[in-house]
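Undergrad: What follows is upload23.cif, mmCIF, C-alpha atoms.
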data_target
#
loop_
_atom_site.label_atom_id
_atom_site.label_comp_id
_atom_site.auth_asym_id
_atom_site.auth_seq_id
_atom_site.Cartn_x
_atom_site.Cartn_y
_atom_site.Cartn_z
CA MET A 1090 -8.66 -2.24 -5.29
CA SER A 1091 -6.29 -4.87 -6.56
CA THR A 1092 -7.79 -8.33 -6.80
CA PRO A 1093 -6.48 -11.88 -7.08
CA PRO A 1094 -5.50 -12.82 -10.64
CA SER A 1095 -8.58 -13.59 -12.69
CA GLU A 1096 -8.97 -16.72 -14.73
CA THR A 1097 -8.23 -16.47 -18.42
CA LEU A 1098 -11.34 -16.47 -20.56
CA PRO A 1099 -11.81 -19.60 -22.72
CA GLY A 1100 -10.17 -19.21 -26.09
CA VAL A 1101 -8.12 -16.17 -25.01
CA THR A 1102 -4.34 -16.50 -24.85
CA PRO A 1103 -2.87 -14.02 -22.34
CA LYS A 1104 0.05 -11.88 -23.48
CA MET A 1105 3.38 -13.06 -22.13
CA PRO A 1106 4.14 -9.84 -20.19
CA ASP A 1107 0.80 -10.29 -18.39
CA VAL A 1108 1.65 -13.91 -17.58
CA LEU A 1109 4.98 -12.83 -16.12
CA ILE A 1110 3.45 -9.99 -14.09
CA GLU A 1111 0.84 -12.37 -12.67
CA ALA A 1112 3.50 -14.90 -11.74
CA ALA A 1113 5.67 -12.22 -10.18
CA ALA A 1114 2.73 -10.67 -8.30
CA ASP A 1115 2.03 -13.84 -6.33
CA LEU A 1116 5.68 -14.32 -5.45
CA PHE A 1117 6.43 -10.68 -4.64
CA TYR A 1118 3.43 -10.37 -2.34
CA CYS A 1119 4.03 -13.64 -0.50
CA LYS A 1120 7.81 -13.42 -0.14
CA GLY A 1121 8.77 -9.81 -0.73
CA VAL A 1122 10.30 -8.29 -3.85
CA ARG A 1123 13.94 -8.63 -2.80
CA ALA A 1124 13.56 -12.28 -1.83
CA VAL A 1125 12.34 -13.42 -5.27
CA GLY A 1126 14.76 -14.14 -8.10
CA MET A 1127 14.14 -13.99 -11.82
CA ASP A 1128 14.73 -17.74 -12.12
CA GLU A 1129 11.89 -18.38 -9.68
CA ILE A 1130 9.56 -16.11 -11.64
CA ALA A 1131 10.49 -17.81 -14.91
CA ALA A 1132 9.78 -21.21 -13.36
CA ARG A 1133 6.39 -20.05 -12.03
CA ALA A 1134 5.49 -18.66 -15.48
CA ARG A 1135 6.83 -21.81 -17.17
CA ILE A 1136 9.12 -19.98 -19.57
CA GLY A 1137 12.87 -19.89 -20.05
CA ILE A 1138 14.96 -17.30 -18.25
CA GLU A 1139 16.18 -16.03 -21.63
CA GLU A 1140 12.65 -15.18 -22.71
CA LEU A 1141 11.94 -13.49 -19.39
CA ASN A 1142 15.08 -11.37 -19.74
CA ARG A 1143 14.10 -10.46 -23.29
CA ILE A 1144 10.74 -9.08 -22.13
CA PHE A 1145 12.01 -7.57 -18.86
CA PRO A 1146 15.77 -6.99 -19.16
CA THR A 1147 16.12 -6.26 -15.43
CA LYS A 1148 14.24 -7.27 -12.33
CA ASP A 1149 13.49 -3.61 -11.63
CA ASP A 1150 11.74 -3.42 -15.02
CA LEU A 1151 9.47 -6.26 -13.95
CA VAL A 1152 8.84 -4.76 -10.49
CA VAL A 1153 7.84 -1.43 -12.07
CA ALA A 1154 5.48 -3.19 -14.48
CA TYR A 1155 3.98 -5.16 -11.58
CA LEU A 1156 3.34 -1.99 -9.57
CA GLN A 1157 1.92 -0.13 -12.57
CA ASP A 1158 -0.46 -3.03 -13.10
CA LEU A 1159 -1.53 -2.81 -9.43
CA HIS A 1160 -2.15 0.91 -9.82
CA GLY A 1161 -4.35 0.22 -12.83
CA GLN A 1162 -6.35 -2.36 -10.87
CA VAL A 1163 -6.89 0.01 -7.94
CA ARG A 1164 -7.88 2.88 -10.20
CA ALA A 1165 -10.35 0.79 -12.18
CA GLY A 1166 -11.80 -0.81 -9.04
CA LEU A 1167 -12.39 2.45 -7.18
CA THR A 1168 -13.78 4.15 -10.28
CA THR A 1169 -16.35 1.38 -10.57
CA VAL A 1170 -17.23 1.48 -6.86
CA MET A 1171 -17.82 5.25 -6.86
CA ALA A 1172 -19.50 5.55 -10.26
CA GLY A 1173 -22.60 7.73 -10.18
CA LEU A 1174 -22.47 8.46 -6.44
CA PRO A 1175 -22.56 11.93 -4.85
CA PRO A 1176 -19.22 12.87 -3.25
CA TYR A 1177 -20.02 12.00 0.38
CA GLU A 1178 -21.53 8.64 -0.57
CA ALA A 1179 -18.56 8.07 -2.89
CA LEU A 1180 -16.17 8.56 0.04
CA GLN A 1181 -18.19 6.11 2.11
CA ALA A 1182 -18.18 3.56 -0.72
CA LEU A 1183 -14.44 4.06 -1.24
CA PHE A 1184 -13.61 3.31 2.39
CA ASP A 1185 -16.07 0.42 2.54
CA GLU A 1186 -14.06 -1.01 -0.35
CA VAL A 1187 -10.86 -0.40 1.62
CA ALA A 1188 -12.35 -2.33 4.55
CA ASP A 1189 -13.24 -5.25 2.26
CA TYR A 1190 -9.73 -5.11 0.80
CA VAL A 1191 -7.81 -5.19 4.07
CA CYS A 1192 -10.01 -7.85 5.72
CA ARG A 1193 -9.77 -10.40 2.93
CA PRO A 1194 -7.99 -13.70 3.69
CA ARG A 1195 -4.18 -13.69 3.73
CA PHE A 1196 -3.96 -9.90 3.46
CA HIS A 1197 -0.73 -8.51 4.91
CA GLY A 1198 -0.41 -4.94 3.77
CA SER A 1199 -0.65 -2.96 0.56
CA PRO A 1200 1.57 -4.54 -2.09
CA LEU A 1201 2.52 -1.05 -3.27
CA ILE A 1202 3.61 0.13 0.17
CA ASN A 1203 5.26 -3.22 0.88
CA ALA A 1204 7.35 -2.84 -2.27
CA ALA A 1205 8.25 0.77 -1.47
CA ASN A 1206 9.55 -0.34 1.93
CA GLU A 1207 12.19 -2.45 0.17
CA TYR A 1208 13.69 0.46 -1.79
CA ASP A 1209 15.47 3.19 0.20
CA ASP A 1210 16.13 5.64 -2.63
CA PRO A 1211 13.12 7.96 -3.20
CA ALA A 1212 14.35 8.54 -6.77
CA HIS A 1213 14.29 4.83 -7.64
CA PRO A 1214 11.73 3.98 -10.37
CA VAL A 1215 9.92 1.63 -7.98
CA ARG A 1216 9.47 4.41 -5.42
CA GLN A 1217 8.39 6.76 -8.20
CA VAL A 1218 5.56 4.44 -9.26
CA VAL A 1219 4.34 4.24 -5.66
CA ALA A 1220 4.64 8.03 -5.26
CA ASP A 1221 2.64 8.55 -8.47
CA HIS A 1222 -0.03 6.17 -7.21
CA ARG A 1223 -0.33 8.00 -3.91
CA SER A 1224 -0.47 11.36 -5.69
CA TRP A 1225 -3.33 10.04 -7.80
CA PHE A 1226 -5.16 8.79 -4.70
CA LEU A 1227 -4.70 12.16 -2.97
CA ARG A 1228 -6.04 14.00 -6.04
CA LEU A 1229 -9.04 11.65 -6.07
CA LEU A 1230 -9.81 12.54 -2.45
CA GLU A 1231 -9.29 16.25 -3.10
CA ASP A 1232 -11.67 16.12 -6.06
CA LEU A 1233 -14.40 14.55 -3.92
CA LEU A 1234 -13.81 17.03 -1.11
CA SER A 1235 -13.83 20.00 -3.46
CA ARG A 1236 -17.53 19.25 -4.05
CA LEU A 1237 -18.20 19.13 -0.31
CA ASP A 1238 -16.28 22.30 0.57
CA PRO A 1239 -14.95 21.35 4.02
CA PRO A 1240 -12.54 23.69 5.84
CA ARG A 1241 -8.96 23.08 4.65
CA PRO A 1242 -9.85 20.47 1.99
CA ARG A 1243 -6.22 19.55 1.26
CA GLY A 1244 -5.57 18.91 4.93
CA VAL A 1245 -8.68 16.72 5.12
CA ALA A 1246 -7.57 14.84 1.99
CA GLN A 1247 -4.14 14.24 3.54
CA ALA A 1248 -5.80 13.01 6.73
CA LEU A 1249 -7.97 10.62 4.69
CA LEU A 1250 -4.85 9.35 2.94
CA MET A 1251 -3.29 8.68 6.33
CA LEU A 1252 -6.54 6.97 7.36
CA TYR A 1253 -6.09 4.68 4.35
CA ASP A 1254 -2.47 4.04 5.33
CA GLY A 1255 -3.55 3.08 8.83
CA ALA A 1256 -6.26 0.78 7.47
CA VAL A 1257 -3.87 -1.17 5.25
CA ALA A 1258 -1.35 -1.39 8.09
CA THR A 1259 -3.64 -2.64 10.85
CA GLY A 1260 -7.23 -2.95 9.61
CA TYR A 1261 -6.88 -6.68 9.03
CA LEU A 1262 -6.27 -7.19 12.77
CA SER A 1263 -9.96 -6.50 13.34
CA ASN A 1264 -13.06 -7.97 11.71
CA LEU A 1265 -14.75 -6.53 8.65
CA ASP A 1266 -17.72 -4.92 10.43
CA ALA A 1267 -15.52 -3.25 13.04
CA THR A 1268 -13.09 -1.98 10.38
CA ARG A 1269 -15.93 -0.56 8.28
CA THR A 1270 -17.47 1.16 11.29
CA THR A 1271 -14.14 2.65 12.37
CA LEU A 1272 -13.44 4.03 8.90
CA GLN A 1273 -16.92 5.50 8.50
CA ASN A 1274 -16.75 7.12 11.94
CA ALA A 1275 -13.38 8.63 11.03
CA ILE A 1276 -14.83 10.12 7.83
CA THR A 1277 -17.69 11.68 9.80
CA THR A 1278 -15.24 13.09 12.36
CA LEU A 1279 -12.98 14.59 9.69
CA LEU A 1280 -15.85 16.14 7.76
CA GLY A 1281 -17.96 17.16 10.73
CA THR A 1282 -21.68 16.55 10.51
CA HIS A 1283 -23.10 14.76 7.48
CA PRO A 1284 -22.68 17.31 4.68
CA VAL A 1285 -25.61 18.66 2.75
CA ALA A 1286 -25.96 17.09 -0.68
CA GLU A 1287 -24.71 19.14 -3.60
CA GLU A 1288 -27.20 21.59 -5.00
CA ASP A 1289 -28.42 20.77 -8.45
CA THR A 1290 -27.17 23.69 -10.53
CA ARG A 1291 -28.88 22.60 -13.72
CA SER A 1292 -31.63 24.90 -14.96
CA GLY A 1293 -34.86 23.56 -16.39
CA PRO A 1294 -35.94 19.96 -16.66
CA SER A 1295 -33.30 17.29 -17.10
#
Take the structure in this file and express it as structure tokens.

TA:
Amino acid sequence: MSTPPSETLPGVTPKMPDVLIEAAADLFYCKGVRAVGMDEIAARARIGIEELNRIFPTKDDLVVAYLQDLHGQVRAGLTTVMAGLPPYEALQALFDEVADYVCRPRFHGSPLINAANEYDDPAHPVRQVVADHRSWFLRLLEDLLSRLDPPRPRGVAQALLMLYDGAVATGYLSNLDATRTTLQNAITTLLGTHPVAEEDTRSGPS
């Protein structure tokens, strides 16, 4: 999942687009995308507005870059969390990570969904980035489910996506343990009884 901006390593100078995205990320999440002006972002990044406009000619360009960066963080984070796990355990680990994400301090919704809520036109580039992210997340769920073979795997994947949406909308109103338990119980309900582990189809010794 997306994480707070990390500290720059000693001796490493961050690229200016990254500095601007980090500055914008804090402001967009705290205030909302529409409420933040380019002058405020330039001031937070400690650069001139002319340089900001040279790198991101429009605010929408910066918002798209910010959301693409968030998508990359989520993708990398979940890939790490699920690495090497069988599909059912991977689903459990994924939603445990979701619980950790939504119960962290000062959380108030998915920054991707929050941004999408501010743009009415589904064809807008901002909405397209969010749609692409959700399509990726749905494919990730479908891939895991394809190895578990539940009835109507796409329907289950869509239900799990809605479970995620519900978690980011209201999960933070509960405590971490309760949110984790609720999510894990929902997975068990959607998949039925604990599925049998995948058969090892390899022949001969590994």

Undergrad: Of the candidates A:His1222, A:Ala1113, A:Ala1131, A:Leu1272, which shows the shortest atom-to-atom distance to Leu1252 in chain A, using only C-alpha atoms?

TA: A:Leu1272

Undergrad: Residues picked by the PyMOL selection byres ((chain A and resi 1150-1158) around 12) here, as number ranges by chain?

TA: A: 1090-1092, 1094, 1106-1118, 1121-1123, 1125-1127, 1130-1131, 1141-1149, 1159-1165, 1199-1205, 1207-1208, 1213-1222

Undergrad: Could you jot down the CA of Pro1175 in chain A to CA of Ala1267 in chain A separation for me, Å, one decimal place?

TA: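 The value is 24.5 Å.
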
Undergrad: Could you jot down the CA of Leu1183 in chain A to CA of Ala1212 in chain A separation for me, Å, one decimal place?

TA: 29.7 Å

Undergrad: Output the residue selection produced by the PyMOL selection byres ((chain A and resi 1188) around 8) on the file above, formatted as a count of residues only.

TA: 14

Undergrad: Please provide as a ChimeraX atom specification all residues within 12 Å of Leu1280 in chain A, with the sequence filter that same-chain residues fewer than 4 positions apart are discarded (counting only C-alpha atoms).

TA: /A:1176-1177,1180-1181,1233-1234,1237-1242,1244-1246,1248-1249,1273-1276,1284-1285

Undergrad: What does the distance between CA of Leu1230 in chain A and CA of Tyr1261 in chain A come to in Å, to one decimal place?

TA: 22.6 Å

Undergrad: Considering only C-alpha atoms, can you say which of A:Gly1255, A:Gly1137, A:Gly1281, A:Gly1166 comes closest to Gly1198 in chain A?

TA: A:Gly1255

Undergrad: So that I can check the surroundings of Ala1182 in chain A, please list as a list in words every protein, DNA and RNA residue that reaches within 9 Å of it, counting only C-alpha atoms and ignoring chain neighbours fewer than 6 positions away.

TA: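 The filter keeps Leu1167, Val1170, Met1171 and Leu1174 of chain A.
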